[in-house]
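Visitor: Following this line is work.txt, made up of compact mmCIF, C-alpha atoms:
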# COMPACT_ATOMS: atom_id res chain seq x y z
CA MET A 127 -24.06 71.86 11.53
CA LEU A 128 -25.04 71.39 7.94
CA PRO A 129 -24.98 67.83 6.52
CA TRP A 130 -22.36 68.54 3.87
CA ARG A 131 -20.03 69.98 6.52
CA ARG A 132 -20.37 66.80 8.53
CA CYS A 133 -19.49 64.78 5.44
CA ARG A 134 -16.49 67.01 4.76
CA GLU A 135 -15.27 66.67 8.37
CA ALA A 136 -15.63 62.85 8.24
CA ALA A 137 -13.74 62.69 4.94
CA ARG A 138 -10.93 64.87 6.31
CA ARG A 139 -10.61 62.64 9.39
CA LEU A 140 -10.44 59.52 7.21
CA LEU A 141 -7.84 60.98 4.89
CA GLN A 142 -5.56 62.33 7.61
CA PRO A 143 -3.15 59.73 9.09
CA ALA A 144 -3.44 59.09 12.75
CA ARG A 145 -0.86 61.05 14.74
CA ALA A 146 0.22 58.00 16.79
CA GLU A 147 1.10 55.91 13.74
CA ALA A 148 2.79 58.56 11.63
CA GLY A 149 6.22 57.42 10.35
CA SER A 150 6.20 53.87 11.73
CA ALA A 151 5.74 52.13 8.35
CA ALA A 152 9.33 52.87 7.30
CA LEU A 153 10.67 51.55 10.60
CA GLU A 154 8.60 48.38 10.33
CA PHE A 155 9.72 47.87 6.72
CA LEU A 156 13.40 48.25 7.67
CA THR A 157 13.10 45.95 10.67
CA VAL A 158 11.31 43.18 8.78
CA GLY A 159 13.65 43.67 5.81
CA VAL A 160 16.77 43.21 7.94
CA VAL A 161 15.28 40.26 9.82
CA MET A 162 14.50 38.54 6.51
CA LEU A 163 17.57 39.68 4.57
CA VAL A 164 20.32 38.55 6.96
CA PRO A 165 19.32 34.84 6.98
CA LEU A 166 18.78 34.94 3.22
CA VAL A 167 22.29 36.32 2.61
CA TYR A 168 23.78 33.70 4.97
CA LEU A 169 21.90 30.96 3.11
CA VAL A 170 23.22 32.19 -0.24
CA LEU A 171 26.80 32.31 1.10
CA THR A 172 26.52 28.82 2.58
CA LEU A 173 25.01 27.27 -0.52
CA GLY A 174 27.67 28.94 -2.67
CA GLN A 175 30.45 27.43 -0.57
CA ILE A 176 28.87 23.98 -0.62
CA GLN A 177 28.40 24.15 -4.39
CA ALA A 178 31.99 25.26 -4.97
CA GLN A 179 33.39 22.48 -2.79
CA SER A 180 31.18 19.82 -4.38
CA LEU A 181 32.31 20.93 -7.85
CA GLY A 182 35.92 20.74 -6.70
CA VAL A 183 35.54 17.28 -5.19
CA GLU A 184 33.79 16.03 -8.33
CA ALA A 185 36.48 17.46 -10.62
CA ALA A 186 39.26 16.01 -8.47
CA ALA A 187 37.72 12.52 -8.53
CA ARG A 188 37.13 12.65 -12.28
CA PHE A 189 40.61 13.90 -13.20
CA ALA A 190 42.33 11.47 -10.83
CA ALA A 191 40.39 8.53 -12.30
CA ARG A 192 41.31 9.62 -15.82
CA ALA A 193 44.97 10.07 -14.92
CA LEU A 194 45.15 6.70 -13.22
CA ALA A 195 43.30 4.86 -15.99
CA GLY A 196 45.35 6.47 -18.73
CA GLY A 197 48.69 6.19 -16.97
CA GLN A 198 49.28 9.89 -17.54
CA GLY A 199 50.41 10.91 -14.10
CA ASP A 200 50.35 10.41 -10.40
CA PRO A 201 46.74 10.57 -9.13
CA ASP A 202 47.88 12.11 -5.83
CA ALA A 203 49.48 15.01 -7.70
CA VAL A 204 46.32 15.43 -9.78
CA LEU A 205 44.15 15.39 -6.64
CA THR A 206 46.32 17.96 -4.89
CA SER A 207 46.39 20.21 -7.96
CA VAL A 208 42.65 20.16 -8.61
CA THR A 209 41.60 20.54 -4.97
CA GLY A 210 44.04 23.43 -4.62
CA GLN A 211 42.38 25.19 -7.55
CA TYR A 212 38.98 24.89 -5.87
CA GLY A 213 40.26 25.91 -2.43
CA ILE A 214 39.76 22.52 -0.77
CA GLU A 215 42.31 22.28 2.01
CA ALA A 216 41.55 18.89 3.56
CA PHE A 217 40.20 15.94 1.65
CA ASP A 218 40.26 12.16 1.81
CA ALA A 219 40.68 10.04 -1.33
CA SER A 220 40.42 6.34 -1.92
CA VAL A 221 41.30 4.41 -5.07
CA SER A 222 40.13 0.90 -5.86
CA CYS A 223 40.21 -1.25 -8.97
CA THR A 224 38.03 -4.03 -10.28
CA PRO A 225 38.81 -6.81 -10.79
CA VAL A 226 40.92 -6.83 -7.65
CA SER A 227 44.49 -7.72 -8.50
CA THR A 228 48.01 -6.80 -7.52
CA ALA A 229 48.38 -4.45 -10.50
CA CYS A 230 46.09 -1.47 -10.18
CA PRO A 231 44.94 -0.48 -12.77
CA GLU A 232 44.83 -3.67 -14.76
CA PRO A 233 44.23 -3.59 -18.54
CA GLY A 234 40.51 -4.01 -19.17
CA GLY A 235 39.69 -3.21 -15.54
CA THR A 236 37.88 -0.32 -13.94
CA VAL A 237 39.27 2.39 -11.66
CA HIS A 238 37.07 3.79 -8.86
CA VAL A 239 38.16 7.05 -7.19
CA THR A 240 36.22 8.49 -4.26
CA VAL A 241 37.04 11.94 -2.85
CA THR A 242 35.47 13.26 0.35
CA ALA A 243 35.80 16.73 1.91
CA GLU A 244 34.20 18.73 4.70
CA VAL A 245 32.75 22.17 3.93
CA PRO A 246 32.88 24.51 6.93
CA LEU A 247 29.93 26.85 7.30
CA PRO A 248 30.79 30.56 7.03
CA PHE A 249 31.28 32.74 10.13
CA ILE A 250 31.44 29.81 12.58
CA PRO A 251 34.33 30.40 15.00
CA PRO A 252 36.76 27.59 15.82
CA VAL A 253 35.71 27.54 19.49
CA LEU A 254 34.81 24.39 21.45
CA GLY A 255 34.86 22.27 18.31
CA LEU A 256 32.01 24.14 16.63
CA GLU A 257 33.79 24.09 13.27
CA ARG A 258 33.67 20.27 13.26
CA LEU A 259 30.01 20.15 14.23
CA SER A 260 28.99 22.78 11.70
CA SER A 261 30.46 21.31 8.55
CA VAL A 262 28.79 19.65 5.61
CA PRO A 263 30.39 16.54 4.06
CA VAL A 264 30.60 16.37 0.28
CA GLN A 265 31.64 13.27 -1.63
CA ALA A 266 32.17 12.39 -5.28
CA THR A 267 32.96 9.12 -6.99
CA ALA A 268 34.37 8.69 -10.48
CA VAL A 269 34.69 5.48 -12.43
CA GLN A 270 36.96 5.13 -15.45
CA LYS A 271 37.45 2.13 -17.69
CA VAL A 272 41.08 1.19 -18.43
CA SER A 273 41.88 0.32 -22.01
CA ARG A 274 42.36 -3.40 -22.43
CA TYR A 275 45.32 -2.63 -24.68
CA GLU A 276 47.07 -0.58 -21.99
CA ASP A 277 50.32 -2.06 -20.65
CA ALA A 278 50.13 -3.33 -17.09
CA ARG A 279 51.99 -1.10 -14.66
As structure tokens, please, write out the structure in this file.

Guide:
Amino acid sequence: MLPWRRCREAARRLLQPARAEAGSAALEFLTVGVVMLVPLVYLVLTLGQIQAQSLGVEAAARFAARALAGGQGDPDAVLTSVTGQYGIEAFDASVSCTPVSTACPEPGGTVHVTVTAEVPLPFIPPVLGLERLSSVPVQATAVQKVSRYEDAR
């Protein structure tokens, strides 16, 4: 065989894909893509829910503290309204005032409102208490100064 024919045969063998591996790159790409994409989508959904709930808890605490410090409404009604807008079904709220006195809020005092909620993770079934174990707590605290010229309630 002539030398240039040997070179041509070697080049043809190098350029031709191996018959055993033909078509497997697309399958590998799809498999790795799905394996990586599913957890990434779940992470985005989970972080979106946690962010939405934390924004709702923060807004509820802030608006309740303002309403209580300004005497503009019932803080429980404000909490229920704001948490309903953000889709928070169950929450726990605590209100305290400083200085501690019988009248809360006291003119010149400070109102502290803390709101806590549990964010359930998506796609976790309510079986064997898994929904309680797979929830993320979010908490927000708001502090509002009461005007010293405000009438005591």

Visitor: Which residue, A:Ala195, A:Ala203, A:Leu256, A:Val208, has the smallest gap to Pro231 of chain A when you use all atoms listed in the file?

Guide: A:Ala195

Visitor: Which residues are near segment 213-228 of chain A? Cut-off 7 Å, only C-alpha atoms, ignore same chain within fewer than 5 positions. Put them as a VMD selection string.

Guide: chain A and resid 179 235 to 243

Visitor: Please write the residues from the selection above to a file, keeping C-alpha atoms, as a PDB file, in the coordinates of the input.

Guide:
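Output saved as part22.pdb:
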ATOM      1  CA  GLN A 179      33.390  22.480  -2.790  1.00  0.00           C
ATOM      2  CA  GLY A 235      39.690  -3.210 -15.540  1.00  0.00           C
ATOM      3  CA  THR A 236      37.880  -0.320 -13.940  1.00  0.00           C
ATOM      4  CA  VAL A 237      39.270   2.390 -11.660  1.00  0.00           C
ATOM      5  CA  HIS A 238      37.070   3.790  -8.860  1.00  0.00           C
ATOM      6  CA  VAL A 239      38.160   7.050  -7.190  1.00  0.00           C
ATOM      7  CA  THR A 240      36.220   8.490  -4.260  1.00  0.00           C
ATOM      8  CA  VAL A 241      37.040  11.940  -2.850  1.00  0.00           C
ATOM      9  CA  THR A 242      35.470  13.260   0.350  1.00  0.00           C
ATOM     10  CA  ALA A 243      35.800  16.730   1.910  1.00  0.00           C
TER      11      ALA A 243
END

Visitor: My list of candidates is A:Gly210, A:Glu154, A:Leu247, A:Gln270. Which is closest to Val170 of chain A when distances are computed with all atoms listed in the file?

Guide: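 Smallest distance to Val170 of chain A is found for A:Leu247.
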
Visitor: Counting only C-alpha atoms, which residue out of A:Ser180, A:Leu205, A:Pro165, A:Pro129 sits closest to Arg192 of chain A?

Guide: A:Leu205

Visitor: Can you list, as an MDAnalysis selection string, every protein, DNA or RNA residue that comes within 9 Å of Pro201 of chain A when you count only C-alpha atoms, leaving out same-chain residues fewer than 2 positions away?

Guide: chainID A and resid 189:194 198:199 203:206

Visitor: Please report, as JSON, the centre and edge lengths in Å to one decimal of an axis-aligned box covering all listed atoms of segment 254-270 of chain A with 5 Å per side.

Guide:
{"center_x": 32.9, "center_y": 14.8, "center_z": 3.0, "size_x": 18.2, "size_y": 29.3, "size_z": 46.9}

Visitor: Can you tell me how far atom CA of Pro263 of chain A sits from atom CA of Gln211 of chain A, in Å to one decimal?

Guide: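 Computing it gives 18.8 Å between the two atoms.
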
Visitor: Go through A:Leu173, A:Ala187, A:Ile250, A:Ala178 and flag the residue nearest Val269 of chain A, using all atoms listed in the file for the distances.

Guide: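 The closest residue to Val269 of chain A is A:Ala187.
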
Visitor: State, in Å with one decimal place, the distance from atom CA of Ala186 of chain A to atom CA of Ser261 of chain A.

Guide: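 Taking atom CA of Ala186 of chain A as the start and atom CA of Ser261 of chain A as the end point, the length is 19.9 Å.
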
Visitor: With a distance cut-off of 12 Å and only C-alpha atoms, select the neighbouring residues of Leu259 of chain A, excluding the residue or stretch itself and same-chain residues fewer than 4 positions from it, and output the selection as an NGL selection string.

Guide: :A and (244-247 or 250-255 or 263)

Visitor: What is the distance, in Å and to one decimal place, between atom CA of Thr267 of chain A and atom CA of Val183 of chain A?

Guide: 8.7 Å

Visitor: Considering all atoms listed in the file, return as JSON, numbers by chain whatever protein or nucleic-acid residues lie within 8 Å of Pro248 of chain A, sequence-local ones (same chain, fewer than 4 positions apart) excluded.

Guide: {"A": [168, 171, 172]}
